[in-house]
Structures are given as C-alpha cells and as structure tokens.
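Heads up, the thing below is written out as structure tokens.
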Amino acid sequence: MAGTAGTPGTPRVLRAMNDRAALDLLLEHGPLSRTRIGKLTGLSKPTASQLLARLEAAGLVLATGTTEGRPGPGAQLYEVNPAAAYAAGLDVTPERILAAVADITGRTVGSYELPTPGRRPTQPVVRQVTDALDGAVKAAGLARDDVRRLVIGTPGAFDPNTGRLRYASHLPGWHTPALLDEVAAALPMPVEYENDVNLVAVAEQRLGAARGHEDFVLLWNEGGLGAALVLGGRLHRGWTGGAGEVGFLPVPGAPLVRQVTKANSGGYQELAGSQAIPRLARELGMTNIPSGPYTEAAAQLVERAAAEDTVLNRLLLETYATRLATGLASLVSVLDPELVVLSGASLTSGGEVLRTLVQAELEELAASRPRLVVGDVREHPVLRGALESALATTRDEVFDTAR
C-alpha cells in the first residue's frame with residue numbers, strides 16, 4: 001500500500017520533520033545560512049537548499065541579508081518569517097487585564113492594559129476580554145482574525161468537569177456558568193484557559209530558570225500564594241484543575257482555616273502570603289512600613305530587608321524564610337522535585353539573600369534537598385507564559401508542512 005501523507009517514514013513526513021528541525025533552529029539561533037543549517041541538521045547542501053526553497057515558498061522563512069567578515073561574497077541568511085502567524089495572551093486579575101500579541105518568533109508586537117477596578121464588573125466579562133484583545137491587536141497593527149490562538153491566564157482554574165472557575169472567588173464576573181461558551185462564540189480563534197501560576201512556570205521552563213528541567217516546583221507569592229507542579233516535563237493540574245493551590249495548605253504556625261474556598265485563604269496563605277509580611281513587620285516593631293496595596297508593601301519590605309543588614313531586617317527575612325520553608329517542606333516531601341523556582345514580587349524582591357535563607361531552612365525541614373533558584377522572568381511573567389503557551393500550539397500547526 002502506498003504511504004499516506006501522515007505515514008511515518010514516507011518522504012513527505014521525513015521532509016516535514018526536517019522542515020520543523022530547521023524552523024526550530026532558526027527560532028533558537030536567529031538568521032542562519034544554508035551551510036550552517038545543513039551542518040546543524042546533518043543535511044547535505046542540496047537537501048538544505050531544497051528545504052529552504054520549500055519553506056520560503058510556503059511563507060515560513062525569509063531571506064534576510066548576508067554573512068559578513070569573511071573573504072568573498074557573503075552567504076545568504078534566512079530567518080523565520082515573523083508574519084507567518086500571530087498568537088495572543090491575556091493576564092487577568094481583579095484590577096486589570098493585560099493583553100499582548102506576539103508574532104511566530106515570540107516577539108511582542110502589541111500590548112494593551114484594560115483597567116477592571118471594583119468588586120462588580122462595569123461590563124460583561126466577554127466584553128472585557130474582547131476589548132483587551134482588540135486593544136493589543138490594534139496596537140500591533142493587525143485585525144482580530146490575524147490571531148491564530150488566545151490563551152487566558154486567571155487566578156484559580158476552570159474545572160474541566162464543569163467548566164466553572166474554582167479557587168478564585170475574588171475574581172468578579174468570571175463565575176457565570178456559560179462563560180466559556182460565550183467567549184468562544186465572541187472570538188474567531190481557539191481560546192484556552194490556564195491558571196496564572198502555571199503560566200509563570202511555562203515562562204520559566206521555556207525562557208528562564210527552569211530551562212532543561214523536567215521536574216520542578218514553582219512557588220509564587222504576590223497577590224496570592226500558589227504553586228505550579230511540573231512532573232516529567234508536563235504541568236500537573238489535578239482532577240479539578242486545583243493542583244498547586246498551596247495557599248489552602250494547613251501548616252504549623254497558623255490557625256486552621258475552615259471553609260477555605262469561601263474564605264479564599266488557608267493556613268499557608270495566612271502564614272507566608274504577601275499580606276502577612278507587613279503584619280510581621282509591625283509585630284517586630286518596624287515603623288517605616290510602606291503604605292499602599294499589601295502586595296507592593298510586602299515587596300518593598302523584603303527588598304529593603306535584603307539590601308540593608310540591620311537586626312530587624314535580618315529578623316524579618318529569617319522569620320519569613322522559615323514560614324516559606326514550612327509549606328515548601330510538605331511539597332518537597334511528596335513530590336521530591338529536582339528544582340524549586342521562587343517567583344512573584346514577594347519572593348524575587350529578596351533575591352539571593354532570601355533564597356539562601358529559605359534553602360537553609362528547607363534543608364532542615366525536608367528529607368530531600370532540591371536546589372532553589374530565583375525566577376528569571378520578571379516582567380509580566382503570567383502574560384509571557386500565556387504567549388509562550390499559545391505560540392507552542394500555533395507553531396505546531398503552522399510549522400507542520402506534512403499537512
């Protein structure tokens with residue numbers, strides 16, 4: 001029987017595999033010559049030439065400049081065509097929606113912020129989503145139909161069994177039973193939803209401190225305290241999507257919180273969440289506590305304590321580190337991860353000083369000893385993760401030349 005387009009080992013499938021390998025190399029290394037692509041893929045010069053001609057005809061690569069600095073004429077360079085496809089991401093909090101559009105290379109080409117203050121939304125969530133997306137699309141000089149895929153990051157998680165948002169009672173307007181269907185009907189592209197901390201883990205795994213790691217935990221501390229669990233290279237979401245909601249974890253040193261989903265808090269959140277840091281500073285007798293939202297105050301206190309070595313600052317960091325390690329010890333004991341990434345402003349603001357203290361405490365409290373690192377993706381990590389997630393699927397679709 002003759003091989004079909006999708007049959008492994010057929011010339012068409014082998015060509016598609018070579019095409020994808022070349023496109024991934026161009027994404028990783030930037031512009032490359034035919035000779036360099038041939039060496040990196042192991043293809044002969046004629047085969048590499050045919051591959052590039054095929055990708056150029058398909059609109060997936062562009063000829064861009066020539067090599068310089070060598071005797072004789074420069075070699076033609078090729079790069080991935082940025083306009084081959086676009087993907088979008090949204091980062092949703094109770095206060096605002098951040099939206100961005102990226103081209104297929106991952107470069108952000110348009111962004112927009114839609115304020116959403118107040119306990120009751122002034123417009124339906126579907127309108128908020130479309131307005132935020134349209135703002136980013138307009139900033140990119142594109143039309144809505146140009147976007148191939150949208151990934152939306154929210155606190156909590158949409159239960160795959162019911163379609164309802166769970167673990168995020170503080171996000172007004174997002175608990176309508178038919179919300180997912182309404183958003184899908186309003187937009188021309190596929191829409192996916194993901195927990196915000198999970199998306200930070202995606203960003204760190206692809207761009208930051210967790211690159212090359214198959215098993216890691218990301219601990220996030222900003223508006224809320226949460227974790228992302230990556231096992232065998234894949235996010236572990238759990239039966240209801242709530243895996244990693246560690247703020248609800250009962251821990252020593254904090255009173256038991258009952259009806260945690262109604263309280264939208266739990267023992268670990270009360271012990272080590274951002275809102276606990278200004279309270280701890282007051283208990284220690286500090287007087288110069290920043291005003292404003294607790295997330296900003298917490299980050300400023302931790303940053304100042306790491307930068308200025310005084311008795312009170314050192315006590316603040318040591319106490320905070322012990323509290324963080326108390327909850328981490330439970331995660332480490334169950335999951336035995338290779339790596340723990342500390343992310344969110346209330347953790348990254350402490351830098352290496354805080355990381356060292358938490359590492360030392362964790363080694364006292366847990367049987368295994370994973371390496372702790374501070375996250376590298378600091379600028380809008382949830383949004384960056386949403387874009388990376390949307391781009392991964394988009395590339396799989398657009399770069400598949402066997403179709």
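In the structure tokens, chains take letters A, B, ... by order of appearance, with residues numbered from 1 within each chain and ligands from 1 in the order shown.
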(message) Applying 12 Å and only C-alpha atoms, which residues near stretch 142-149 of chain A remain after dropping the ones on its own chain fewer than 5 positions away? List them as a VMD selection string.
(response) chain A and resid 83 to 90 100 to 104 109 to 111 130 to 137 184 186 to 193 386 to 398
(request) May I have the residues within 10 Å of A:Leu32 as a PyMOL selection string, using only C-alpha atoms and disregarding those fewer than 2 positions away in the same chain? (result) chain A and resi 22+25-27+29-30+34-38+63-64+66-67+75-80
Please dump the current selection as a compact mmCIF listing (two decimals), in the first residue's frame; keep all heavy atoms.
# COMPACT_ATOMS: atom_id res chain seq x y z
N ALA A 22 14.62 22.55 11.05
CA ALA A 22 15.25 23.78 10.56
C ALA A 22 14.56 25.01 11.14
O ALA A 22 15.22 25.98 11.54
CB ALA A 22 15.22 23.82 9.04
N LEU A 25 15.58 25.53 14.71
CA LEU A 25 16.95 26.06 14.78
C LEU A 25 16.96 27.56 14.47
O LEU A 25 17.69 28.33 15.12
CB LEU A 25 17.85 25.32 13.80
CG LEU A 25 18.24 23.90 14.21
CD1 LEU A 25 18.89 23.16 13.05
CD2 LEU A 25 19.19 23.93 15.41
N LEU A 26 16.18 27.97 13.50
CA LEU A 26 16.11 29.40 13.17
C LEU A 26 15.51 30.20 14.33
O LEU A 26 15.93 31.33 14.60
CB LEU A 26 15.31 29.60 11.89
CG LEU A 26 15.99 29.15 10.60
CD1 LEU A 26 15.01 29.16 9.43
CD2 LEU A 26 17.20 30.03 10.27
N LEU A 27 14.51 29.63 15.00
CA LEU A 27 13.94 30.30 16.16
C LEU A 27 14.96 30.43 17.29
O LEU A 27 15.04 31.45 17.97
CB LEU A 27 12.72 29.53 16.67
CG LEU A 27 11.43 29.64 15.87
CD1 LEU A 27 10.37 28.71 16.46
CD2 LEU A 27 10.91 31.07 15.85
N HIS A 29 18.45 30.18 17.08
CA HIS A 29 19.74 30.82 16.78
C HIS A 29 19.61 32.13 16.02
O HIS A 29 20.59 32.87 15.90
CB HIS A 29 20.61 29.87 15.97
CG HIS A 29 20.99 28.61 16.69
ND1 HIS A 29 21.92 28.58 17.70
CD2 HIS A 29 20.55 27.33 16.56
CE1 HIS A 29 22.04 27.35 18.16
NE2 HIS A 29 21.22 26.57 17.48
N GLY A 30 18.44 32.41 15.46
CA GLY A 30 18.32 33.60 14.61
C GLY A 30 18.73 33.29 13.19
O GLY A 30 18.80 32.13 12.80
N ARG A 34 22.48 28.67 4.60
CA ARG A 34 22.17 27.32 4.16
C ARG A 34 23.22 26.34 4.67
O ARG A 34 22.89 25.24 5.15
CB ARG A 34 22.13 27.27 2.62
CG ARG A 34 21.86 25.89 2.05
CD ARG A 34 22.32 25.80 0.62
NE ARG A 34 23.78 26.00 0.54
CZ ARG A 34 24.46 26.00 -0.61
NH1 ARG A 34 23.84 25.87 -1.75
NH2 ARG A 34 25.77 26.19 -0.60
N THR A 35 24.49 26.72 4.60
CA THR A 35 25.56 25.84 5.06
C THR A 35 25.44 25.54 6.54
O THR A 35 25.59 24.39 6.98
CB THR A 35 26.93 26.48 4.77
OG1 THR A 35 27.05 26.71 3.36
CG2 THR A 35 28.06 25.58 5.23
N ARG A 36 25.14 26.57 7.32
CA ARG A 36 25.02 26.38 8.78
C ARG A 36 23.82 25.49 9.11
O ARG A 36 23.92 24.62 9.99
CB ARG A 36 24.87 27.75 9.46
CG ARG A 36 24.83 27.68 10.97
CD ARG A 36 26.10 27.14 11.55
NE ARG A 36 26.09 27.16 13.00
CZ ARG A 36 26.77 26.34 13.76
NH1 ARG A 36 27.55 25.41 13.21
NH2 ARG A 36 26.72 26.42 15.08
N ILE A 37 22.71 25.69 8.42
CA ILE A 37 21.54 24.84 8.65
C ILE A 37 21.86 23.39 8.30
O ILE A 37 21.48 22.45 9.01
CB ILE A 37 20.34 25.35 7.83
CG1 ILE A 37 19.83 26.67 8.42
CG2 ILE A 37 19.21 24.32 7.80
CD1 ILE A 37 18.75 27.33 7.61
N GLY A 38 22.59 23.21 7.20
CA GLY A 38 22.98 21.86 6.82
C GLY A 38 23.82 21.19 7.88
O GLY A 38 23.62 20.01 8.21
N ALA A 63 14.49 35.36 3.23
CA ALA A 63 15.90 35.67 3.01
C ALA A 63 16.17 37.04 3.61
O ALA A 63 15.43 37.99 3.36
CB ALA A 63 16.22 35.65 1.52
N THR A 64 17.22 37.14 4.45
CA THR A 64 17.47 38.40 5.14
C THR A 64 18.97 38.64 5.27
O THR A 64 19.63 38.09 6.15
CB THR A 64 16.82 38.39 6.54
OG1 THR A 64 17.26 39.53 7.28
CG2 THR A 64 17.17 37.13 7.32
N THR A 66 23.15 39.00 4.34
CA THR A 66 24.21 38.04 4.05
C THR A 66 25.22 38.06 5.18
O THR A 66 25.27 39.00 5.97
CB THR A 66 24.92 38.37 2.74
OG1 THR A 66 25.45 39.70 2.81
CG2 THR A 66 23.97 38.25 1.55
N THR A 67 26.03 37.00 5.25
CA THR A 67 27.09 36.95 6.25
C THR A 67 28.15 37.99 5.93
O THR A 67 28.35 38.36 4.78
CB THR A 67 27.74 35.56 6.29
OG1 THR A 67 28.23 35.24 4.99
CG2 THR A 67 26.74 34.51 6.74
N ALA A 75 27.35 34.75 2.38
CA ALA A 75 26.32 33.73 2.19
C ALA A 75 24.96 34.29 2.57
O ALA A 75 24.83 35.08 3.51
CB ALA A 75 26.64 32.51 3.04
N GLN A 76 23.94 33.87 1.82
CA GLN A 76 22.57 34.32 2.11
C GLN A 76 22.12 33.79 3.47
O GLN A 76 22.33 32.63 3.81
CB GLN A 76 21.62 33.82 1.03
CG GLN A 76 20.17 34.21 1.24
CD GLN A 76 19.97 35.71 1.10
OE1 GLN A 76 20.23 36.28 0.05
NE2 GLN A 76 19.52 36.35 2.18
N LEU A 77 21.50 34.66 4.26
CA LEU A 77 20.96 34.27 5.56
C LEU A 77 19.45 34.15 5.48
O LEU A 77 18.79 34.87 4.70
CB LEU A 77 21.34 35.30 6.63
CG LEU A 77 22.82 35.45 6.96
CD1 LEU A 77 23.04 36.61 7.93
CD2 LEU A 77 23.37 34.15 7.54
N TYR A 78 18.90 33.27 6.31
CA TYR A 78 17.45 33.05 6.35
C TYR A 78 16.96 33.15 7.78
O TYR A 78 17.68 32.81 8.74
CB TYR A 78 17.11 31.66 5.78
CG TYR A 78 17.46 31.50 4.32
CD1 TYR A 78 18.74 31.09 3.94
CD2 TYR A 78 16.53 31.76 3.33
CE1 TYR A 78 19.07 30.96 2.60
CE2 TYR A 78 16.85 31.62 1.99
CZ TYR A 78 18.12 31.22 1.63
OH TYR A 78 18.45 31.09 0.31
N GLU A 79 15.72 33.61 7.93
CA GLU A 79 15.10 33.69 9.24
C GLU A 79 13.64 33.28 9.13
O GLU A 79 13.06 33.28 8.03
CB GLU A 79 15.19 35.12 9.80
CG GLU A 79 14.36 36.13 9.02
CD GLU A 79 14.41 37.53 9.62
OE1 GLU A 79 15.14 37.72 10.61
OE2 GLU A 79 13.71 38.41 9.09
N VAL A 80 13.05 32.92 10.28
CA VAL A 80 11.62 32.62 10.30
C VAL A 80 10.85 33.89 9.95
O VAL A 80 11.16 34.98 10.45
CB VAL A 80 11.20 32.09 11.68
CG1 VAL A 80 9.68 31.96 11.77
CG2 VAL A 80 11.85 30.74 11.97
List every residue of stretch 326-389 of chain A that has an atom at most 7 Å from any atom of stretch 302-314 of chain A, giving for each one its closest atom pair and the distance in Å to one decimal, counting only C-alpha atoms, sorted by chain and then by ascending residue number, as CSV.
residue,atom,partner,partner_atom,distance
A:Ser346,CA,A:Val302,CA,6.7
A:Ser349,CA,A:Glu303,CA,4.8
A:Gly350,CA,A:Glu303,CA,5.1
A:Val353,CA,A:Ala306,CA,5.9
A:Leu354,CA,A:Ala306,CA,6.9
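Using only C-alpha atoms for every distance, the candidate list A:Gly242, A:Gly232, A:Gly118, A:Pro46 yields A:Gly232 as the residue closest to A:Glu338.
The coordinates place atom CA of A:Ala227 at 27.7 Å from atom CA of A:Ala178.
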(message) At a cut-off of 9 Å, using only C-alpha atoms, what residues contact A:Leu256? Leave out same-chain residues fewer than 4 positions from it and give the result as an MDAnalysis selection string.
(response) chainID A and resid 250:251 266:267
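Excluding A:Ala366 itself and any same-chain residue fewer than 5 positions from it, the protein and nucleic acid residues within 7 Å of it, counting only C-alpha atoms, are Ala329, Val332 and Ser333 of chain A.
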(message) Excluding A:Leu180 and its own-chain neighbours fewer than 5 positions away, which residues fall within 12 Å of it when counting only C-alpha atoms? Please give them as a ChimeraX atom specification.
(response) /A:125-126,129,152,158-160,162-165,174-175,185-187,190-193
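Residues of stretch 340-373 of chain A carrying a DSSP assignment of strand (DSSP E), computed from the backbone, are Val340, Val341, Leu342, Ser343, Arg371, Leu372 and Val373 of chain A.
The spacing separating atom CA of A:Ala99 from atom CA of A:Arg20 amounts to 28.7 Å.
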(request) Compare A:Leu171, A:Leu362, A:Val197, A:Ala203 by their minimum atom-to-atom distance to A:Glu379, counting only C-alpha atoms, and give me the closest one. (result) A:Ala203
Once you count only C-alpha atoms, what closest atom pair and distance in Å to one decimal does each residue of stretch 190-271 of chain A within 10 Å of stretch 292-295 of chain A have, with rows by chain and rising residue number, as CSV?
residue,atom,partner,partner_atom,distance
A:Asn221,CA,A:Thr295,CA,9.0
A:Glu222,CA,A:Thr295,CA,5.9
A:Gly223,CA,A:Thr295,CA,6.0
A:Gly224,CA,A:Thr295,CA,8.9
(message) Taking 5 positions as the minimum chain separation for residues in the same chain, which residues sit within 12 Å of A:Leu271 when counting only C-alpha atoms? Answer as a ChimeraX atom specification.
(response) /A:221,224-225,246-257,265-266,276-280,319-327
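Taking only C-alpha atoms into account, A:Gly375 lies nearest to A:Ser343 out of the set A:Ser343, A:Thr47, A:Gln359, A:Asn264.
Interatomic distance, atom CA of A:Leu383 to atom CA of A:Leu199: 7.7 Å.
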(request) Give me the residues within 8 Å of A:Leu55 as a list in words, counting only C-alpha atoms and dropping any in the same chain fewer than 5 places off. (result) Asp19, Leu60 and Val61 of chain A
For all heavy atoms, I'd like the residues from the last selection saved as a CSV table (one decimal), in the first residue's frame.
chain,number,residue,atom,x,y,z
A,19,ASP,N,11.9,20.0,7.9
A,19,ASP,CA,11.4,21.4,7.9
A,19,ASP,C,11.3,21.9,9.4
A,19,ASP,O,11.7,23.0,9.7
A,19,ASP,CB,10.1,21.4,7.2
A,19,ASP,CG,10.2,21.2,5.7
A,19,ASP,OD1,11.3,21.2,5.2
A,19,ASP,OD2,9.1,21.0,5.1
A,60,LEU,N,7.2,30.6,5.3
A,60,LEU,CA,7.6,30.3,6.6
A,60,LEU,C,9.0,30.9,6.9
A,60,LEU,O,9.3,31.1,8.1
A,60,LEU,CB,7.6,28.8,6.9
A,60,LEU,CG,6.2,28.2,6.9
A,60,LEU,CD1,6.3,26.7,7.1
A,60,LEU,CD2,5.3,28.8,8.0
A,61,VAL,N,9.8,31.1,5.9
A,61,VAL,CA,11.1,31.8,6.1
A,61,VAL,C,11.3,32.9,5.1
A,61,VAL,O,10.6,32.9,4.0
A,61,VAL,CB,12.3,30.8,6.0
A,61,VAL,CG1,12.1,29.6,7.0
A,61,VAL,CG2,12.4,30.2,4.6
(request) Go through stretch 213-371 of chain A and collect every residue that DSSP, computed from the backbone, puts in helix (DSSP H, G or I); the answer should be as a VMD selection string. (result) chain A and resid 246 to 248 260 to 263 267 to 272 276 to 283 294 to 307 311 to 335 345 to 348 351 to 365
